[in-house]
Amino acid sequence: MKVNSPLQIYKYLPQTNCGECGEATCMAFASHLLDRSKKVADCPPLLDDKYKKKYLELSELLAPEIREVIAGVGETAVKIGGDDVLYRHQLTFFNPTVLAYDVTDTMSEEELVDRVKRISGFKKFYVGSFLKLNMVAVRSTSNDPERFKRAVKKVSETTTLPLILCSFNPDVLAAGLEVSADKKPILYAATKENWQQVSELALKERTPVVLFSPGDLDELKTLAVSFREMGIEDLILDPGTYPRGEQLKTTFQNFLKIRRAGIKEGQKDIAYPLMATPITAWMVNEDPIRASYWETVLASVFTVRYGDVMIMHSIEPYALIPEVLIRETIYTDPRTPVRVDPGVYEVGNPTKDSPVIVTTNFALTYYTVESDLSSNDIDCYLATVDTDGIGVEASVAGGQLTAAKIKETFDNAGFDFKEKTSHNTVILPGLAARLQGDVEDVTGLNVKIGPPDSGRIPGWMETNWPPK
Ligand code: SF4
């Protein structure tokens, strides 16, 4: 993106404040274009012929530095790449790393279907939403076009997740495309040996394609230029993922070099999303636990530096959970604290004798406390104070968690202690102990100080509840 303020964008807009985009003013719309929560085409007047020049110029200015490639169709389609910065704190990373897990065409049908169901059915609840896997990579280990076609067809029938068709044999890729082109799969991969046949397939079916040139960045760039000259823009670059030793160090440096060239040096020829293949850990580790461990290590490394899509093998929870969690951490937007709506929530089935516990609306804090309470069968009311999504200790220090805010939370929720409880008591987090006197004065409630972390609430309850 070549603009960094709404004012720079504003001059390309019609400036009529007509409201057709759903915003009150063109300036407000410009702010949304800048943070990518709206698209240029969301301004209908700009699509008029008289604004065509400005529309094209603005689209060019707002295009991400790294091309965004879309694979799949419908709700499970994935966006790959599309970043503008080298470091998350400079803005944010936009499209989370797409995680693909492999199946092969030499699996039995039963094994294939079972594995695909496990990949598409995986979900892990974290901070208010489910973390999921994104793609199925169908690898041809038979090198037999007919067999590959059958496997791709079966996978397509079993899942709505988008596919990566994996083979260096263009005939095999063509057979897979015959039964999946309408799902817009990714072709993996074009190399210096097969690029002409693979480019014909990509051109014919308009599918994204991965260019693979292990360890040779000049060759990778040459391939990218050739494909672009043929009009194929939906490219993903795979510079090879060596799983250990000096070559792993070189792999990491290659990822940095390509991304720097794309963003800092503006080299459009190489400004494409990157594919990492942590699955290569299985080529050098015989023990499956060890292979899985190193695969997850590689996945973590390339989630942080700059793998936009990855192919992996292990679908054991001990591999998947760290992989989806580190992705979530890296791709959380640093401009927006993750928060839940303030209010007074019921945990379990609280009665008049149940405790009333205060926490903040920082999502990680809220869900941790809620999980500690519900998993220990503690029925209670959980009051979530609007601290702008900041945790307890920082919000006490910063003045976002105050006695007045706590009172306001109960008032706004219509929570009347006399009616709802038999004890007129509220429990503050241990890290907010210094607010005790203020809360007593402002609310007129009895205030008890809970433990400093919610994991200790069950033990604390044994000696402190009910209040004497
Ligand atoms: S639709 Fe376009 S012209 Fe109308 S307010 Fe929005 S940005 Fe401005």
# chains A, B, ... in the order shown; residues from 1 in each chain; ligands from 1
call {"tool": "residues_around", "arguments": {"residues": "Gly22 in chain A", "least_positions_apart": "3", "cutoff": "9 Å", "atoms": "only C-alpha atoms", "output": "list in words"}}
result
Gly19, Thr25, Phe29, Asp42 and Cys43 of chain A
call {"tool": "write_last_selection", "arguments": {"atoms": "N, CA and C atoms", "output": "mmCIF file, in the first residue's frame"}}
result
data_model
loop_
_atom_site.group_PDB
_atom_site.id
_atom_site.type_symbol
_atom_site.label_atom_id
_atom_site.label_comp_id
_atom_site.auth_asym_id
_atom_site.auth_seq_id
_atom_site.Cartn_x
_atom_site.Cartn_y
_atom_site.Cartn_z
ATOM 1 N N GLY A 19 -23.149 8.895 1.464
ATOM 2 C CA GLY A 19 -23.520 7.849 2.424
ATOM 3 C C GLY A 19 -23.808 6.489 1.809
ATOM 4 N N THR A 25 -19.404 9.994 5.930
ATOM 5 C CA THR A 25 -18.598 10.912 5.112
ATOM 6 C C THR A 25 -17.574 10.137 4.289
ATOM 7 N N PHE A 29 -15.002 6.841 5.155
ATOM 8 C CA PHE A 29 -14.780 5.724 4.229
ATOM 9 C C PHE A 29 -13.277 5.562 3.949
ATOM 10 N N ASP A 42 -16.671 -0.598 -2.682
ATOM 11 C CA ASP A 42 -17.799 -0.333 -1.769
ATOM 12 C C ASP A 42 -18.320 1.097 -1.895
ATOM 13 N N CYS A 43 -17.650 1.934 -2.667
ATOM 14 C CA CYS A 43 -18.138 3.295 -2.944
ATOM 15 C C CYS A 43 -18.787 3.269 -4.340
#
call {"tool": "residues_near_ligand", "arguments": {"ligand": "ligand 1", "cutoff": "8 Å", "atoms": "only C-alpha atoms and all ligand atoms", "output": "list in words"}}
result
Leu13, Pro14, Gln15, Thr16, Asn17, Cys18, Gly19, Glu20, Cys21, Gly22, Glu23, Ala24, Thr25, Cys26, Met27, Ala28, Phe29, Ala30, Asp42, Cys43, Pro44, Pro45 and Leu46 of chain A
call {"tool": "select_by_dssp", "arguments": {"residues": "range 288-450 of chain A", "states": "helix (DSSP H, G or I)", "output": "PyMOL selection string"}}
result
chain A and resi 288-304+317-331+363-375+392-398+403-412+417-420+430-443
call {"tool": "write_last_selection", "arguments": {"atoms": "C-alpha atoms", "output": "PDB file, in the first residue's frame"}}
result
ATOM      1  CA  PRO A 288       7.053 -40.051  14.244  1.00  0.00           C
ATOM      2  CA  ILE A 289       7.009 -38.137  17.526  1.00  0.00           C
ATOM      3  CA  ARG A 290      10.350 -36.541  16.725  1.00  0.00           C
ATOM      4  CA  ALA A 291       9.256 -35.781  13.150  1.00  0.00           C
ATOM      5  CA  SER A 292       6.050 -34.239  14.403  1.00  0.00           C
ATOM      6  CA  TYR A 293       7.942 -32.165  16.968  1.00  0.00           C
ATOM      7  CA  TRP A 294      10.363 -30.771  14.372  1.00  0.00           C
ATOM      8  CA  GLU A 295       7.557 -30.189  11.917  1.00  0.00           C
ATOM      9  CA  THR A 296       5.824 -28.016  14.526  1.00  0.00           C
ATOM     10  CA  VAL A 297       9.074 -26.174  15.246  1.00  0.00           C
ATOM     11  CA  LEU A 298       9.455 -25.393  11.526  1.00  0.00           C
ATOM     12  CA  ALA A 299       5.813 -24.368  11.292  1.00  0.00           C
ATOM     13  CA  SER A 300       6.318 -21.940  14.183  1.00  0.00           C
ATOM     14  CA  VAL A 301       9.452 -20.454  12.637  1.00  0.00           C
ATOM     15  CA  PHE A 302       7.792 -19.867   9.276  1.00  0.00           C
ATOM     16  CA  THR A 303       4.563 -18.583  10.772  1.00  0.00           C
ATOM     17  CA  VAL A 304       6.633 -15.840  12.368  1.00  0.00           C
ATOM     18  CA  PRO A 317      -3.462 -32.537  18.675  1.00  0.00           C
ATOM     19  CA  TYR A 318       0.006 -32.091  20.217  1.00  0.00           C
ATOM     20  CA  ALA A 319       1.161 -30.747  16.824  1.00  0.00           C
ATOM     21  CA  LEU A 320      -1.966 -28.889  15.729  1.00  0.00           C
ATOM     22  CA  ILE A 321      -2.634 -26.951  18.919  1.00  0.00           C
ATOM     23  CA  PRO A 322       0.729 -25.122  19.061  1.00  0.00           C
ATOM     24  CA  GLU A 323       0.540 -24.506  15.308  1.00  0.00           C
ATOM     25  CA  VAL A 324      -2.872 -22.826  15.389  1.00  0.00           C
ATOM     26  CA  LEU A 325      -2.068 -20.960  18.606  1.00  0.00           C
ATOM     27  CA  ILE A 326       1.143 -19.377  17.359  1.00  0.00           C
ATOM     28  CA  ARG A 327      -0.647 -18.366  14.168  1.00  0.00           C
ATOM     29  CA  GLU A 328      -3.397 -16.737  16.199  1.00  0.00           C
ATOM     30  CA  THR A 329      -0.841 -14.887  18.300  1.00  0.00           C
ATOM     31  CA  ILE A 330       1.120 -13.533  15.345  1.00  0.00           C
ATOM     32  CA  TYR A 331      -1.943 -12.542  13.339  1.00  0.00           C
ATOM     33  CA  ALA A 363     -10.723 -11.427  25.962  1.00  0.00           C
ATOM     34  CA  LEU A 364      -7.784 -13.551  27.065  1.00  0.00           C
ATOM     35  CA  THR A 365      -8.452 -12.680  30.726  1.00  0.00           C
ATOM     36  CA  TYR A 366     -12.195 -13.186  30.409  1.00  0.00           C
ATOM     37  CA  TYR A 367     -12.021 -16.596  28.734  1.00  0.00           C
ATOM     38  CA  THR A 368      -9.296 -17.802  31.101  1.00  0.00           C
ATOM     39  CA  VAL A 369     -11.353 -16.839  34.164  1.00  0.00           C
ATOM     40  CA  GLU A 370     -14.554 -18.212  32.655  1.00  0.00           C
ATOM     41  CA  SER A 371     -12.829 -21.482  31.784  1.00  0.00           C
ATOM     42  CA  ASP A 372     -11.299 -21.829  35.277  1.00  0.00           C
ATOM     43  CA  LEU A 373     -14.717 -21.275  36.821  1.00  0.00           C
ATOM     44  CA  SER A 374     -16.784 -23.497  34.559  1.00  0.00           C
ATOM     45  CA  SER A 375     -14.266 -26.353  34.471  1.00  0.00           C
ATOM     46  CA  VAL A 392      -6.464  -6.421  35.278  1.00  0.00           C
ATOM     47  CA  GLU A 393      -3.044  -5.269  36.484  1.00  0.00           C
ATOM     48  CA  ALA A 394      -2.441  -2.826  33.600  1.00  0.00           C
ATOM     49  CA  SER A 395      -5.967  -1.411  33.747  1.00  0.00           C
ATOM     50  CA  VAL A 396      -5.719  -0.733  37.497  1.00  0.00           C
ATOM     51  CA  ALA A 397      -2.416   1.066  36.869  1.00  0.00           C
ATOM     52  CA  GLY A 398      -3.771   2.906  33.815  1.00  0.00           C
ATOM     53  CA  ALA A 403     -14.604   1.636  41.399  1.00  0.00           C
ATOM     54  CA  ALA A 404     -16.840   3.858  39.243  1.00  0.00           C
ATOM     55  CA  LYS A 405     -16.387   1.549  36.232  1.00  0.00           C
ATOM     56  CA  ILE A 406     -17.258  -1.483  38.341  1.00  0.00           C
ATOM     57  CA  LYS A 407     -20.428   0.213  39.618  1.00  0.00           C
ATOM     58  CA  GLU A 408     -21.304   1.275  36.070  1.00  0.00           C
ATOM     59  CA  THR A 409     -20.974  -2.344  34.875  1.00  0.00           C
ATOM     60  CA  PHE A 410     -23.542  -3.565  37.415  1.00  0.00           C
ATOM     61  CA  ASP A 411     -25.839  -0.563  36.821  1.00  0.00           C
ATOM     62  CA  ASN A 412     -25.786  -0.982  33.018  1.00  0.00           C
ATOM     63  CA  PHE A 417     -27.314  -7.189  44.501  1.00  0.00           C
ATOM     64  CA  LYS A 418     -30.238  -7.093  46.951  1.00  0.00           C
ATOM     65  CA  GLU A 419     -32.446  -8.944  44.522  1.00  0.00           C
ATOM     66  CA  LYS A 420     -29.851 -11.295  42.985  1.00  0.00           C
ATOM     67  CA  GLY A 430      -6.169 -10.068  43.729  1.00  0.00           C
ATOM     68  CA  LEU A 431      -4.334  -7.783  41.280  1.00  0.00           C
ATOM     69  CA  ALA A 432      -7.012  -5.108  41.885  1.00  0.00           C
ATOM     70  CA  ALA A 433      -6.773  -5.272  45.705  1.00  0.00           C
ATOM     71  CA  ARG A 434      -5.914  -1.599  45.935  1.00  0.00           C
ATOM     72  CA  LEU A 435      -9.424  -0.720  44.724  1.00  0.00           C
ATOM     73  CA  GLN A 436     -11.083  -2.362  47.748  1.00  0.00           C
ATOM     74  CA  GLY A 437     -11.762   0.813  49.750  1.00  0.00           C
ATOM     75  CA  ASP A 438     -12.973   2.752  46.704  1.00  0.00           C
ATOM     76  CA  VAL A 439     -15.333  -0.018  45.633  1.00  0.00           C
ATOM     77  CA  GLU A 440     -16.788  -0.266  49.154  1.00  0.00           C
ATOM     78  CA  ASP A 441     -17.368   3.504  49.195  1.00  0.00           C
ATOM     79  CA  VAL A 442     -18.794   3.807  45.673  1.00  0.00           C
ATOM     80  CA  THR A 443     -21.002   0.698  45.640  1.00  0.00           C
TER      81      THR A 443
END
call {"tool": "closest_residue", "arguments": {"among": "A:Val136, A:Ala77, A:Ile378, A:Ala413", "to": "Ala100 in chain A", "atoms": "only C-alpha atoms"}}
result
A:Val136
call {"tool": "closest_residue", "arguments": {"among": "A:Ile258, A:Leu91, A:Ala174, A:Val40", "to": "Asp216 in chain A", "atoms": "only C-alpha atoms"}}
result
A:Ile258
call {"tool": "closest_residue", "arguments": {"among": "A:Gln253, A:Ser314, A:Asn134, A:Thr191", "to": "Thr280 in chain A", "atoms": "only C-alpha atoms"}}
result
A:Ser314
call {"tool": "closest_residue", "arguments": {"among": "A:Ile279, A:Met1, A:Ala190, A:Ile119", "to": "Leu237 in chain A", "atoms": "only C-alpha atoms"}}
result
A:Ala190
call {"tool": "closest_residue", "arguments": {"among": "A:Thr92, A:Thr76, A:Asn376, A:Asn4", "to": "Ser120 in chain A", "atoms": "only C-alpha atoms"}}
result
A:Thr76
call {"tool": "residues_around", "arguments": {"residues": "range 218-228 of chain A", "least_positions_apart": "5", "cutoff": "7 Å", "atoms": "only C-alpha atoms", "output": "ChimeraX atom specification"}}
result
/A:199,211-213,233,269-270
call {"tool": "atom_distance", "arguments": {"atom1": "CA of Phe415 in chain A", "atom2": "CA of Glu462 in chain A"}}
result
25.7 Å
call {"tool": "closest_residue", "arguments": {"among": "A:Ala71, A:Ala261, A:Val113, A:Leu256", "to": "Leu187 in chain A", "atoms": "only C-alpha atoms"}}
result
A:Ala71
call {"tool": "select_by_dssp", "arguments": {"residues": "range 238-450 of chain A", "states": "strand (DSSP E)", "output": "PyMOL selection string"}}
result
chain A and resi 238+275-276+309-312+343-347+356-360+380-385+425-428+446-449
